[in-house]
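Data file: my_file_16.csv. Format and content: CSV, N, CA, C and O atoms.
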chain,number,residue,atom,x,y,z
A,1,MET,N,-4.5,-13.5,13.5
A,1,MET,CA,-3.1,-13.3,13.0
A,1,MET,C,-3.1,-11.9,12.3
A,1,MET,O,-3.9,-11.5,11.5
A,2,THR,N,-2.1,-11.1,12.7
A,2,THR,CA,-1.9,-9.8,12.1
A,2,THR,C,-1.4,-9.8,10.7
A,2,THR,O,-0.4,-10.5,10.5
A,3,LYS,N,-1.9,-9.0,9.9
A,3,LYS,CA,-1.4,-8.8,8.5
A,3,LYS,C,-1.2,-7.3,8.3
A,3,LYS,O,-1.6,-6.5,9.1
A,4,TYR,N,-0.5,-7.0,7.3
A,4,TYR,CA,-0.1,-5.6,7.0
A,4,TYR,C,-0.5,-5.2,5.5
A,4,TYR,O,-0.3,-6.0,4.6
A,5,ILE,N,-0.9,-4.0,5.3
A,5,ILE,CA,-1.2,-3.5,4.0
A,5,ILE,C,-0.5,-2.2,3.8
A,5,ILE,O,-0.2,-1.5,4.8
A,6,VAL,N,-0.3,-1.9,2.5
A,6,VAL,CA,0.4,-0.6,2.2
A,6,VAL,C,-0.5,0.3,1.5
A,6,VAL,O,-1.3,-0.1,0.6
A,7,SER,N,-0.5,1.6,2.0
A,7,SER,CA,-1.5,2.5,1.5
A,7,SER,C,-0.9,3.9,1.4
A,7,SER,O,0.2,4.2,2.0
A,8,TYR,N,-1.6,4.8,0.7
A,8,TYR,CA,-1.3,6.2,0.8
A,8,TYR,C,-2.5,7.0,0.7
A,8,TYR,O,-3.5,6.6,0.1
A,9,ASN,N,-2.5,8.2,1.2
A,9,ASN,CA,-3.7,9.0,1.3
A,9,ASN,C,-3.6,10.1,0.2
A,9,ASN,O,-2.7,11.0,0.2
A,10,ALA,N,-4.5,10.0,-0.8
A,10,ALA,CA,-4.6,11.0,-1.9
A,10,ALA,C,-5.4,12.2,-1.4
A,10,ALA,O,-6.6,12.2,-1.6
A,11,SER,N,-4.8,13.1,-0.6
A,11,SER,CA,-5.6,14.1,0.1
A,11,SER,C,-6.4,15.0,-0.9
A,11,SER,O,-7.5,15.5,-0.5
A,12,LYS,N,-5.8,15.4,-2.0
A,12,LYS,CA,-6.6,16.2,-2.9
A,12,LYS,C,-7.8,15.6,-3.5
A,12,LYS,O,-8.8,16.2,-3.8
A,13,LEU,N,-7.7,14.2,-3.7
A,13,LEU,CA,-8.9,13.5,-4.2
A,13,LEU,C,-9.8,13.0,-3.0
A,13,LEU,O,-10.9,12.5,-3.3
A,14,LYS,N,-9.3,13.1,-1.8
A,14,LYS,CA,-10.0,12.6,-0.6
A,14,LYS,C,-10.3,11.1,-0.7
A,14,LYS,O,-11.4,10.6,-0.4
A,15,VAL,N,-9.3,10.4,-1.2
A,15,VAL,CA,-9.4,8.9,-1.3
A,15,VAL,C,-8.1,8.3,-0.8
A,15,VAL,O,-7.0,8.9,-0.9
A,16,LYS,N,-8.2,7.1,-0.2
A,16,LYS,CA,-7.1,6.4,0.3
A,16,LYS,C,-6.9,5.2,-0.7
A,16,LYS,O,-7.8,4.5,-1.0
A,17,TRP,N,-5.7,5.0,-1.2
A,17,TRP,CA,-5.3,4.0,-2.2
A,17,TRP,C,-4.5,2.9,-1.5
A,17,TRP,O,-3.7,3.2,-0.7
A,18,TYR,N,-4.8,1.7,-1.9
A,18,TYR,CA,-4.1,0.5,-1.3
A,18,TYR,C,-3.4,-0.3,-2.5
A,18,TYR,O,-4.0,-0.4,-3.5
A,19,VAL,N,-2.3,-0.9,-2.2
A,19,VAL,CA,-1.6,-1.8,-3.1
A,19,VAL,C,-2.4,-3.1,-3.1
A,19,VAL,O,-2.6,-3.7,-2.1
A,20,SER,N,-2.8,-3.5,-4.3
A,20,SER,CA,-3.6,-4.7,-4.4
A,20,SER,C,-2.8,-5.8,-5.2
A,20,SER,O,-3.3,-7.0,-5.3
A,21,ASN,N,-1.7,-5.6,-5.8
A,21,ASN,CA,-0.9,-6.6,-6.5
A,21,ASN,C,0.6,-6.4,-6.2
A,21,ASN,O,1.1,-5.3,-6.5
A,22,ILE,N,1.2,-7.4,-5.7
A,22,ILE,CA,2.6,-7.3,-5.3
A,22,ILE,C,3.5,-7.2,-6.6
A,22,ILE,O,4.6,-6.7,-6.5
A,23,ASN,N,3.1,-7.9,-7.7
A,23,ASN,CA,3.9,-7.9,-8.9
A,23,ASN,C,4.0,-6.6,-9.6
A,23,ASN,O,4.9,-6.3,-10.3
A,24,ASN,N,2.9,-5.8,-9.6
A,24,ASN,CA,2.9,-4.5,-10.3
A,24,ASN,C,2.2,-3.5,-9.4
A,24,ASN,O,1.0,-3.1,-9.6
A,25,PRO,N,2.8,-3.1,-8.3
A,25,PRO,CA,2.1,-2.3,-7.3
A,25,PRO,C,1.6,-0.9,-7.7
A,25,PRO,O,0.6,-0.5,-7.3
A,26,MET,N,2.3,-0.3,-8.6
A,26,MET,CA,1.9,1.1,-9.0
A,26,MET,C,0.8,1.0,-10.0
A,26,MET,O,0.0,2.0,-10.1
A,27,GLN,N,0.6,-0.1,-10.7
A,27,GLN,CA,-0.5,-0.2,-11.7
A,27,GLN,C,-1.7,-0.8,-11.1
A,27,GLN,O,-2.8,-0.7,-11.7
A,28,LYS,N,-1.6,-1.4,-10.0
A,28,LYS,CA,-2.8,-2.2,-9.4
A,28,LYS,C,-3.1,-1.6,-8.1
A,28,LYS,O,-3.0,-2.2,-7.0
A,29,LEU,N,-3.6,-0.4,-8.0
A,29,LEU,CA,-4.0,0.3,-6.8
A,29,LEU,C,-5.6,0.1,-6.7
A,29,LEU,O,-6.2,0.1,-7.7
A,30,THR,N,-6.0,0.0,-5.5
A,30,THR,CA,-7.5,0.0,-5.3
A,30,THR,C,-7.8,0.9,-4.1
A,30,THR,O,-7.0,1.2,-3.3
A,31,ASN,N,-9.1,1.4,-4.1
A,31,ASN,CA,-9.5,2.2,-3.0
A,31,ASN,C,-10.4,1.4,-2.0
A,31,ASN,O,-11.1,1.9,-1.2
A,32,VAL,N,-10.5,0.1,-2.2
A,32,VAL,CA,-11.2,-0.8,-1.4
A,32,VAL,C,-10.3,-1.6,-0.5
A,32,VAL,O,-9.4,-2.3,-0.9
A,33,LYS,N,-10.4,-1.3,0.8
A,33,LYS,CA,-9.4,-1.9,1.8
A,33,LYS,C,-9.4,-3.4,1.8
A,33,LYS,O,-8.3,-4.0,1.9
A,34,SER,N,-10.5,-4.0,1.6
A,34,SER,CA,-10.6,-5.5,1.6
A,34,SER,C,-9.9,-6.1,0.4
A,34,SER,O,-9.5,-7.3,0.4
A,35,GLU,N,-9.7,-5.4,-0.7
A,35,GLU,CA,-9.0,-5.9,-1.9
A,35,GLU,C,-7.5,-5.7,-1.8
A,35,GLU,O,-6.7,-6.1,-2.7
A,36,ALA,N,-7.0,-5.0,-0.8
A,36,ALA,CA,-5.5,-4.8,-0.6
A,36,ALA,C,-4.7,-6.0,-0.4
A,36,ALA,O,-5.2,-7.0,0.2
A,37,PHE,N,-3.5,-6.1,-1.0
A,37,PHE,CA,-2.6,-7.2,-0.8
A,37,PHE,C,-2.2,-7.2,0.7
A,37,PHE,O,-1.7,-6.2,1.2
A,38,LYS,N,-2.3,-8.4,1.3
A,38,LYS,CA,-1.9,-8.5,2.7
A,38,LYS,C,-0.6,-9.1,2.9
A,38,LYS,O,-0.3,-10.3,2.4
A,39,PHE,N,0.3,-8.4,3.5
A,39,PHE,CA,1.7,-8.9,3.8
A,39,PHE,C,1.7,-9.6,5.1
A,39,PHE,O,1.0,-9.2,6.0
A,40,ASP,N,2.5,-10.6,5.2
A,40,ASP,CA,2.6,-11.4,6.4
A,40,ASP,C,3.4,-10.8,7.5
A,40,ASP,O,3.1,-10.9,8.7
A,41,THR,N,4.4,-10.0,7.2
A,41,THR,CA,5.3,-9.4,8.2
A,41,THR,C,5.4,-7.9,7.9
A,41,THR,O,5.3,-7.4,6.8
A,42,SER,N,5.6,-7.1,8.9
A,42,SER,CA,5.8,-5.7,8.8
A,42,SER,C,7.1,-5.4,8.0
A,42,SER,O,7.2,-4.3,7.4
A,43,GLU,N,8.1,-6.2,8.1
A,43,GLU,CA,9.4,-6.0,7.5
A,43,GLU,C,9.2,-6.0,5.9
A,43,GLU,O,9.8,-5.2,5.2
A,44,VAL,N,8.4,-7.0,5.4
A,44,VAL,CA,8.2,-7.1,4.0
A,44,VAL,C,7.3,-5.9,3.5
A,44,VAL,O,7.6,-5.3,2.5
A,45,ALA,N,6.3,-5.5,4.3
A,45,ALA,CA,5.5,-4.3,4.0
A,45,ALA,C,6.4,-3.1,4.0
A,45,ALA,O,6.2,-2.2,3.1
A,46,SER,N,7.3,-2.9,5.0
A,46,SER,CA,8.2,-1.8,5.0
A,46,SER,C,9.1,-1.7,3.8
A,46,SER,O,9.4,-0.7,3.3
A,47,ALA,N,9.6,-2.9,3.4
A,47,ALA,CA,10.4,-3.0,2.2
A,47,ALA,C,9.7,-2.5,1.0
A,47,ALA,O,10.2,-1.8,0.1
A,48,MET,N,8.4,-2.9,0.9
A,48,MET,CA,7.6,-2.4,-0.3
A,48,MET,C,7.4,-0.9,-0.2
A,48,MET,O,7.5,-0.2,-1.2
A,49,VAL,N,7.2,-0.3,1.0
A,49,VAL,CA,7.1,1.1,1.1
A,49,VAL,C,8.3,1.8,0.7
A,49,VAL,O,8.3,2.8,-0.1
A,50,LYS,N,9.5,1.3,1.1
A,50,LYS,CA,10.8,1.8,0.7
A,50,LYS,C,10.9,1.8,-0.8
A,50,LYS,O,11.4,2.8,-1.4
A,51,HIS,N,10.5,0.7,-1.5
A,51,HIS,CA,10.6,0.6,-2.9
A,51,HIS,C,9.7,1.6,-3.6
A,51,HIS,O,10.0,2.3,-4.6
A,52,LEU,N,8.4,1.7,-3.1
A,52,LEU,CA,7.5,2.6,-3.7
A,52,LEU,C,7.8,4.1,-3.6
A,52,LEU,O,7.6,4.9,-4.4
A,53,LYS,N,8.5,4.4,-2.4
A,53,LYS,CA,8.9,5.8,-2.2
A,53,LYS,C,10.0,6.2,-3.2
A,53,LYS,O,10.2,7.4,-3.6
A,54,MET,N,10.8,5.2,-3.7
A,54,MET,CA,11.8,5.5,-4.8
A,54,MET,C,11.1,5.8,-6.1
A,54,MET,O,11.6,6.6,-6.9
A,55,ILE,N,10.0,5.1,-6.4
A,55,ILE,CA,9.3,5.3,-7.6
A,55,ILE,C,8.4,6.6,-7.6
A,55,ILE,O,8.5,7.4,-8.5
A,56,ARG,N,7.6,6.7,-6.5
A,56,ARG,CA,6.7,7.9,-6.4
A,56,ARG,C,6.9,8.4,-5.0
A,56,ARG,O,6.8,7.7,-4.0
A,57,GLN,N,7.0,9.7,-4.8
A,57,GLN,CA,7.2,10.4,-3.6
A,57,GLN,C,5.9,10.6,-2.8
A,57,GLN,O,5.8,11.7,-2.2
A,58,TYR,N,5.0,9.7,-2.8
A,58,TYR,CA,3.8,9.8,-2.1
A,58,TYR,C,4.1,9.5,-0.6
A,58,TYR,O,5.1,8.9,-0.3
A,59,ASP,N,3.1,9.7,0.2
A,59,ASP,CA,3.2,9.4,1.6
A,59,ASP,C,2.7,8.0,1.9
A,59,ASP,O,1.6,7.8,2.4
A,60,TRP,N,3.5,7.0,1.5
A,60,TRP,CA,3.2,5.6,1.7
A,60,TRP,C,3.3,5.2,3.2
A,60,TRP,O,4.2,5.7,3.9
A,61,THR,N,2.3,4.4,3.6
A,61,THR,CA,2.3,4.0,5.0
A,61,THR,C,2.0,2.5,5.1
A,61,THR,O,1.4,1.9,4.2
A,62,VAL,N,2.4,1.9,6.2
A,62,VAL,CA,2.0,0.5,6.5
A,62,VAL,C,0.9,0.5,7.5
A,62,VAL,O,1.0,1.2,8.5
A,63,GLU,N,-0.2,-0.2,7.2
A,63,GLU,CA,-1.3,-0.3,8.2
A,63,GLU,C,-1.4,-1.7,8.7
A,63,GLU,O,-1.2,-2.7,7.9
A,64,GLU,N,-1.7,-1.8,9.9
A,64,GLU,CA,-1.9,-3.2,10.5
A,64,GLU,C,-3.4,-3.5,10.5
A,64,GLU,O,-4.2,-2.7,10.9
A,65,ILE,N,-3.7,-4.7,10.1
A,65,ILE,CA,-5.1,-5.2,10.1
A,65,ILE,C,-5.1,-6.5,10.8
A,65,ILE,O,-4.2,-7.2,10.9
A,66,LYS,N,-6.3,-6.8,11.3
A,66,LYS,CA,-6.5,-8.1,12.1
A,66,LYS,C,-7.2,-9.1,11.2
A,66,LYS,O,-8.0,-8.8,10.4

Write-out of the structure in C-alpha cells:
Amino acid sequence: MTKYIVSYNASKLKVKWYVSNINNPMQKLTNVKSEAFKFDTSEVASAMVKHLKMIRQYDWTVEEIK
C-alpha cells in the first residue's frame, strides 16, 4: 500500500527534513525518513504542504513511499 510523506530539502545544510508529527509539524521535524509521519492519501499530504507553505516558504514536497 502506498503512503505519502512530506519533506523539504535544506540545501544550505545539505539535509532533507521530514514532518514526523501531524499535531505540531514545524516543531517535530526529523532527518530520518523512516521516522516521518505517513499520510494515507496524497490529498491529505498535499493539504499539509499547503498549510506548511503558509507558515514557512520552504520548498515542501510530497514523496510517495511503498

Exercise. Quick one: residues within 12 Å of range 2-5 of chain A, only C-alpha atoms counted, chain neighbours fewer than 6 positions away excluded, as a PyMOL selection string?
Worked result: chain A and resi 17-22+25+29-30+32-49+60-66

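Atom N of Lys16 in chain A is found 11.8 Å from CA of Asp59 in chain A.
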
Exercise. In Å to one decimal, how far is CA of Leu13 in chain A from CA of Lys53 in chain A?
Worked result: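 Between CA of Lys53 in chain A and CA of Leu13 in chain A the gap works out to 19.5 Å.
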
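Across the structure, CA of Val15 in chain A and atom N of Asn31 in chain A are spaced 8.0 Å apart.
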
Exercise. How would you write, as a ChimeraX atom specification, the set of residues in chain A that DSSP gives as strand (DSSP E)?
Worked result: /A:3-10,15-19,29-30,60-65

What would the file look like if the residues just selected were written as a short mmCIF file (atom, residue, chain, number, x, y, z; two decimals), in the coordinates of the input with N, CA, C and O atoms?
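Generated file (again-v1.cif):
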data_model
loop_
_atom_site.label_atom_id
_atom_site.label_comp_id
_atom_site.auth_asym_id
_atom_site.auth_seq_id
_atom_site.Cartn_x
_atom_site.Cartn_y
_atom_site.Cartn_z
N LYS A 3 -1.90 -9.00 9.90
CA LYS A 3 -1.40 -8.80 8.50
C LYS A 3 -1.20 -7.30 8.30
O LYS A 3 -1.60 -6.50 9.10
N TYR A 4 -0.50 -7.00 7.30
CA TYR A 4 -0.10 -5.60 7.00
C TYR A 4 -0.50 -5.20 5.50
O TYR A 4 -0.30 -6.00 4.60
N ILE A 5 -0.90 -4.00 5.30
CA ILE A 5 -1.20 -3.50 4.00
C ILE A 5 -0.50 -2.20 3.80
O ILE A 5 -0.20 -1.50 4.80
N VAL A 6 -0.30 -1.90 2.50
CA VAL A 6 0.40 -0.60 2.20
C VAL A 6 -0.50 0.30 1.50
O VAL A 6 -1.30 -0.10 0.60
N SER A 7 -0.50 1.60 2.00
CA SER A 7 -1.50 2.50 1.50
C SER A 7 -0.90 3.90 1.40
O SER A 7 0.20 4.20 2.00
N TYR A 8 -1.60 4.80 0.70
CA TYR A 8 -1.30 6.20 0.80
C TYR A 8 -2.50 7.00 0.70
O TYR A 8 -3.50 6.60 0.10
N ASN A 9 -2.50 8.20 1.20
CA ASN A 9 -3.70 9.00 1.30
C ASN A 9 -3.60 10.10 0.20
O ASN A 9 -2.70 11.00 0.20
N ALA A 10 -4.50 10.00 -0.80
CA ALA A 10 -4.60 11.00 -1.90
C ALA A 10 -5.40 12.20 -1.40
O ALA A 10 -6.60 12.20 -1.60
N VAL A 15 -9.30 10.40 -1.20
CA VAL A 15 -9.40 8.90 -1.30
C VAL A 15 -8.10 8.30 -0.80
O VAL A 15 -7.00 8.90 -0.90
N LYS A 16 -8.20 7.10 -0.20
CA LYS A 16 -7.10 6.40 0.30
C LYS A 16 -6.90 5.20 -0.70
O LYS A 16 -7.80 4.50 -1.00
N TRP A 17 -5.70 5.00 -1.20
CA TRP A 17 -5.30 4.00 -2.20
C TRP A 17 -4.50 2.90 -1.50
O TRP A 17 -3.70 3.20 -0.70
N TYR A 18 -4.80 1.70 -1.90
CA TYR A 18 -4.10 0.50 -1.30
C TYR A 18 -3.40 -0.30 -2.50
O TYR A 18 -4.00 -0.40 -3.50
N VAL A 19 -2.30 -0.90 -2.20
CA VAL A 19 -1.60 -1.80 -3.10
C VAL A 19 -2.40 -3.10 -3.10
O VAL A 19 -2.60 -3.70 -2.10
N LEU A 29 -3.60 -0.40 -8.00
CA LEU A 29 -4.00 0.30 -6.80
C LEU A 29 -5.60 0.10 -6.70
O LEU A 29 -6.20 0.10 -7.70
N THR A 30 -6.00 0.00 -5.50
CA THR A 30 -7.50 0.00 -5.30
C THR A 30 -7.80 0.90 -4.10
O THR A 30 -7.00 1.20 -3.30
N TRP A 60 3.50 7.00 1.50
CA TRP A 60 3.20 5.60 1.70
C TRP A 60 3.30 5.20 3.20
O TRP A 60 4.20 5.70 3.90
N THR A 61 2.30 4.40 3.60
CA THR A 61 2.30 4.00 5.00
C THR A 61 2.00 2.50 5.10
O THR A 61 1.40 1.90 4.20
N VAL A 62 2.40 1.90 6.20
CA VAL A 62 2.00 0.50 6.50
C VAL A 62 0.90 0.50 7.50
O VAL A 62 1.00 1.20 8.50
N GLU A 63 -0.20 -0.20 7.20
CA GLU A 63 -1.30 -0.30 8.20
C GLU A 63 -1.40 -1.70 8.70
O GLU A 63 -1.20 -2.70 7.90
N GLU A 64 -1.70 -1.80 9.90
CA GLU A 64 -1.90 -3.20 10.50
C GLU A 64 -3.40 -3.50 10.50
O GLU A 64 -4.20 -2.70 10.90
N ILE A 65 -3.70 -4.70 10.10
CA ILE A 65 -5.10 -5.20 10.10
C ILE A 65 -5.10 -6.50 10.80
O ILE A 65 -4.20 -7.20 10.90
#

Which of chain A counts as helix (DSSP H, G or I) under DSSP, as a tab-separated table (two decimals) with N, CA, C and O atoms, keeping the file's coordinate frame please?
chain	number	residue	atom	x	y	z
A	33	LYS	N	-10.40	-1.30	0.80
A	33	LYS	CA	-9.40	-1.90	1.80
A	33	LYS	C	-9.40	-3.40	1.80
A	33	LYS	O	-8.30	-4.00	1.90
A	34	SER	N	-10.50	-4.00	1.60
A	34	SER	CA	-10.60	-5.50	1.60
A	34	SER	C	-9.90	-6.10	0.40
A	34	SER	O	-9.50	-7.30	0.40
A	35	GLU	N	-9.70	-5.40	-0.70
A	35	GLU	CA	-9.00	-5.90	-1.90
A	35	GLU	C	-7.50	-5.70	-1.80
A	35	GLU	O	-6.70	-6.10	-2.70
A	42	SER	N	5.60	-7.10	8.90
A	42	SER	CA	5.80	-5.70	8.80
A	42	SER	C	7.10	-5.40	8.00
A	42	SER	O	7.20	-4.30	7.40
A	43	GLU	N	8.10	-6.20	8.10
A	43	GLU	CA	9.40	-6.00	7.50
A	43	GLU	C	9.20	-6.00	5.90
A	43	GLU	O	9.80	-5.20	5.20
A	44	VAL	N	8.40	-7.00	5.40
A	44	VAL	CA	8.20	-7.10	4.00
A	44	VAL	C	7.30	-5.90	3.50
A	44	VAL	O	7.60	-5.30	2.50
A	45	ALA	N	6.30	-5.50	4.30
A	45	ALA	CA	5.50	-4.30	4.00
A	45	ALA	C	6.40	-3.10	4.00
A	45	ALA	O	6.20	-2.20	3.10
A	46	SER	N	7.30	-2.90	5.00
A	46	SER	CA	8.20	-1.80	5.00
A	46	SER	C	9.10	-1.70	3.80
A	46	SER	O	9.40	-0.70	3.30
A	47	ALA	N	9.60	-2.90	3.40
A	47	ALA	CA	10.40	-3.00	2.20
A	47	ALA	C	9.70	-2.50	1.00
A	47	ALA	O	10.20	-1.80	0.10
A	48	MET	N	8.40	-2.90	0.90
A	48	MET	CA	7.60	-2.40	-0.30
A	48	MET	C	7.40	-0.90	-0.20
A	48	MET	O	7.50	-0.20	-1.20
A	49	VAL	N	7.20	-0.30	1.00
A	49	VAL	CA	7.10	1.10	1.10
A	49	VAL	C	8.30	1.80	0.70
A	49	VAL	O	8.30	2.80	-0.10
A	50	LYS	N	9.50	1.30	1.10
A	50	LYS	CA	10.80	1.80	0.70
A	50	LYS	C	10.90	1.80	-0.80
A	50	LYS	O	11.40	2.80	-1.40
A	51	HIS	N	10.50	0.70	-1.50
A	51	HIS	CA	10.60	0.60	-2.90
A	51	HIS	C	9.70	1.60	-3.60
A	51	HIS	O	10.00	2.30	-4.60
A	52	LEU	N	8.40	1.70	-3.10
A	52	LEU	CA	7.50	2.60	-3.70
A	52	LEU	C	7.80	4.10	-3.60
A	52	LEU	O	7.60	4.90	-4.40
A	53	LYS	N	8.50	4.40	-2.40
A	53	LYS	CA	8.90	5.80	-2.20
A	53	LYS	C	10.00	6.20	-3.20
A	53	LYS	O	10.20	7.40	-3.60
A	54	MET	N	10.80	5.20	-3.70
A	54	MET	CA	11.80	5.50	-4.80
A	54	MET	C	11.10	5.80	-6.10
A	54	MET	O	11.60	6.60	-6.90
A	55	ILE	N	10.00	5.10	-6.40
A	55	ILE	CA	9.30	5.30	-7.60
A	55	ILE	C	8.40	6.60	-7.60
A	55	ILE	O	8.50	7.40	-8.50

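Counting only C-alpha atoms and comparing A:Lys28, A:Ser11, A:Asn23, A:Met1, the residue that lies closest to Tyr58 in chain A is A:Ser11.
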
Missing atoms in range 37-46 of chain A should be modelled up to all heavy atoms and reported as a PDB file, in the coordinates of the input.
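After the write, rebuild-v8.pdb holds the following:
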ATOM      1  N   PHE A  37      -3.500  -6.100  -1.000  1.00  0.00           N
ATOM      2  CA  PHE A  37      -2.600  -7.200  -0.800  1.00  0.00           C
ATOM      3  C   PHE A  37      -2.200  -7.200   0.700  1.00  0.00           C
ATOM      4  O   PHE A  37      -1.700  -6.200   1.200  1.00  0.00           O
ATOM      5  CB  PHE A  37      -1.414  -7.085  -1.714  1.00  0.00           C
ATOM      6  CG  PHE A  37      -0.522  -8.286  -1.644  1.00  0.00           C
ATOM      7  CD1 PHE A  37      -0.801  -9.398  -2.412  1.00  0.00           C
ATOM      8  CD2 PHE A  37       0.574  -8.302  -0.809  1.00  0.00           C
ATOM      9  CE1 PHE A  37       0.015 -10.519  -2.348  1.00  0.00           C
ATOM     10  CE2 PHE A  37       1.385  -9.418  -0.730  1.00  0.00           C
ATOM     11  CZ  PHE A  37       1.112 -10.536  -1.499  1.00  0.00           C
ATOM     12  N   LYS A  38      -2.300  -8.400   1.300  1.00  0.00           N
ATOM     13  CA  LYS A  38      -1.900  -8.500   2.700  1.00  0.00           C
ATOM     14  C   LYS A  38      -0.600  -9.100   2.900  1.00  0.00           C
ATOM     15  O   LYS A  38      -0.300 -10.300   2.400  1.00  0.00           O
ATOM     16  CB  LYS A  38      -3.017  -9.351   3.411  1.00  0.00           C
ATOM     17  CG  LYS A  38      -4.339  -8.612   3.489  1.00  0.00           C
ATOM     18  CD  LYS A  38      -5.499  -9.555   3.677  1.00  0.00           C
ATOM     19  CE  LYS A  38      -6.812  -8.843   3.550  1.00  0.00           C
ATOM     20  NZ  LYS A  38      -7.164  -8.474   2.185  1.00  0.00           N
ATOM     21  N   PHE A  39       0.300  -8.400   3.500  1.00  0.00           N
ATOM     22  CA  PHE A  39       1.700  -8.900   3.800  1.00  0.00           C
ATOM     23  C   PHE A  39       1.700  -9.600   5.100  1.00  0.00           C
ATOM     24  O   PHE A  39       1.000  -9.200   6.000  1.00  0.00           O
ATOM     25  CB  PHE A  39       2.663  -7.679   3.805  1.00  0.00           C
ATOM     26  CG  PHE A  39       2.801  -6.966   2.484  1.00  0.00           C
ATOM     27  CD1 PHE A  39       2.002  -5.880   2.186  1.00  0.00           C
ATOM     28  CD2 PHE A  39       3.731  -7.379   1.548  1.00  0.00           C
ATOM     29  CE1 PHE A  39       2.120  -5.220   0.979  1.00  0.00           C
ATOM     30  CE2 PHE A  39       3.856  -6.721   0.338  1.00  0.00           C
ATOM     31  CZ  PHE A  39       3.049  -5.641   0.054  1.00  0.00           C
ATOM     32  N   ASP A  40       2.500 -10.600   5.200  1.00  0.00           N
ATOM     33  CA  ASP A  40       2.600 -11.400   6.400  1.00  0.00           C
ATOM     34  C   ASP A  40       3.400 -10.800   7.500  1.00  0.00           C
ATOM     35  O   ASP A  40       3.100 -10.900   8.700  1.00  0.00           O
ATOM     36  CB  ASP A  40       3.235 -12.803   6.126  1.00  0.00           C
ATOM     37  CG  ASP A  40       2.323 -13.662   5.264  1.00  0.00           C
ATOM     38  OD1 ASP A  40       1.090 -13.510   5.355  1.00  0.00           O
ATOM     39  OD2 ASP A  40       2.849 -14.487   4.493  1.00  0.00           O
ATOM     40  N   THR A  41       4.400 -10.000   7.200  1.00  0.00           N
ATOM     41  CA  THR A  41       5.300  -9.400   8.200  1.00  0.00           C
ATOM     42  C   THR A  41       5.400  -7.900   7.900  1.00  0.00           C
ATOM     43  O   THR A  41       5.300  -7.400   6.800  1.00  0.00           O
ATOM     44  CB  THR A  41       6.683  -9.971   8.225  1.00  0.00           C
ATOM     45  OG1 THR A  41       7.338  -9.705   6.989  1.00  0.00           O
ATOM     46  CG2 THR A  41       6.629 -11.469   8.474  1.00  0.00           C
ATOM     47  N   SER A  42       5.600  -7.100   8.900  1.00  0.00           N
ATOM     48  CA  SER A  42       5.800  -5.700   8.800  1.00  0.00           C
ATOM     49  C   SER A  42       7.100  -5.400   8.000  1.00  0.00           C
ATOM     50  O   SER A  42       7.200  -4.300   7.400  1.00  0.00           O
ATOM     51  CB  SER A  42       5.782  -4.972  10.136  1.00  0.00           C
ATOM     52  OG  SER A  42       6.842  -5.418  10.947  1.00  0.00           O
ATOM     53  N   GLU A  43       8.100  -6.200   8.100  1.00  0.00           N
ATOM     54  CA  GLU A  43       9.400  -6.000   7.500  1.00  0.00           C
ATOM     55  C   GLU A  43       9.200  -6.000   5.900  1.00  0.00           C
ATOM     56  O   GLU A  43       9.800  -5.200   5.200  1.00  0.00           O
ATOM     57  CB  GLU A  43      10.431  -7.067   7.877  1.00  0.00           C
ATOM     58  CG  GLU A  43      10.926  -6.924   9.291  1.00  0.00           C
ATOM     59  CD  GLU A  43       9.994  -7.551  10.317  1.00  0.00           C
ATOM     60  OE1 GLU A  43       9.074  -8.308   9.927  1.00  0.00           O
ATOM     61  OE2 GLU A  43      10.160  -7.257  11.510  1.00  0.00           O
ATOM     62  N   VAL A  44       8.400  -7.000   5.400  1.00  0.00           N
ATOM     63  CA  VAL A  44       8.200  -7.100   4.000  1.00  0.00           C
ATOM     64  C   VAL A  44       7.300  -5.900   3.500  1.00  0.00           C
ATOM     65  O   VAL A  44       7.600  -5.300   2.500  1.00  0.00           O
ATOM     66  CB  VAL A  44       7.471  -8.404   3.659  1.00  0.00           C
ATOM     67  CG1 VAL A  44       7.121  -8.461   2.191  1.00  0.00           C
ATOM     68  CG2 VAL A  44       8.354  -9.581   4.032  1.00  0.00           C
ATOM     69  N   ALA A  45       6.300  -5.500   4.300  1.00  0.00           N
ATOM     70  CA  ALA A  45       5.500  -4.300   4.000  1.00  0.00           C
ATOM     71  C   ALA A  45       6.400  -3.100   4.000  1.00  0.00           C
ATOM     72  O   ALA A  45       6.200  -2.200   3.100  1.00  0.00           O
ATOM     73  CB  ALA A  45       4.366  -4.190   4.952  1.00  0.00           C
ATOM     74  N   SER A  46       7.300  -2.900   5.000  1.00  0.00           N
ATOM     75  CA  SER A  46       8.200  -1.800   5.000  1.00  0.00           C
ATOM     76  C   SER A  46       9.100  -1.700   3.800  1.00  0.00           C
ATOM     77  O   SER A  46       9.400  -0.700   3.300  1.00  0.00           O
ATOM     78  CB  SER A  46       8.996  -1.787   6.311  1.00  0.00           C
ATOM     79  OG  SER A  46       8.147  -1.667   7.416  1.00  0.00           O
TER      80      SER A  46
END
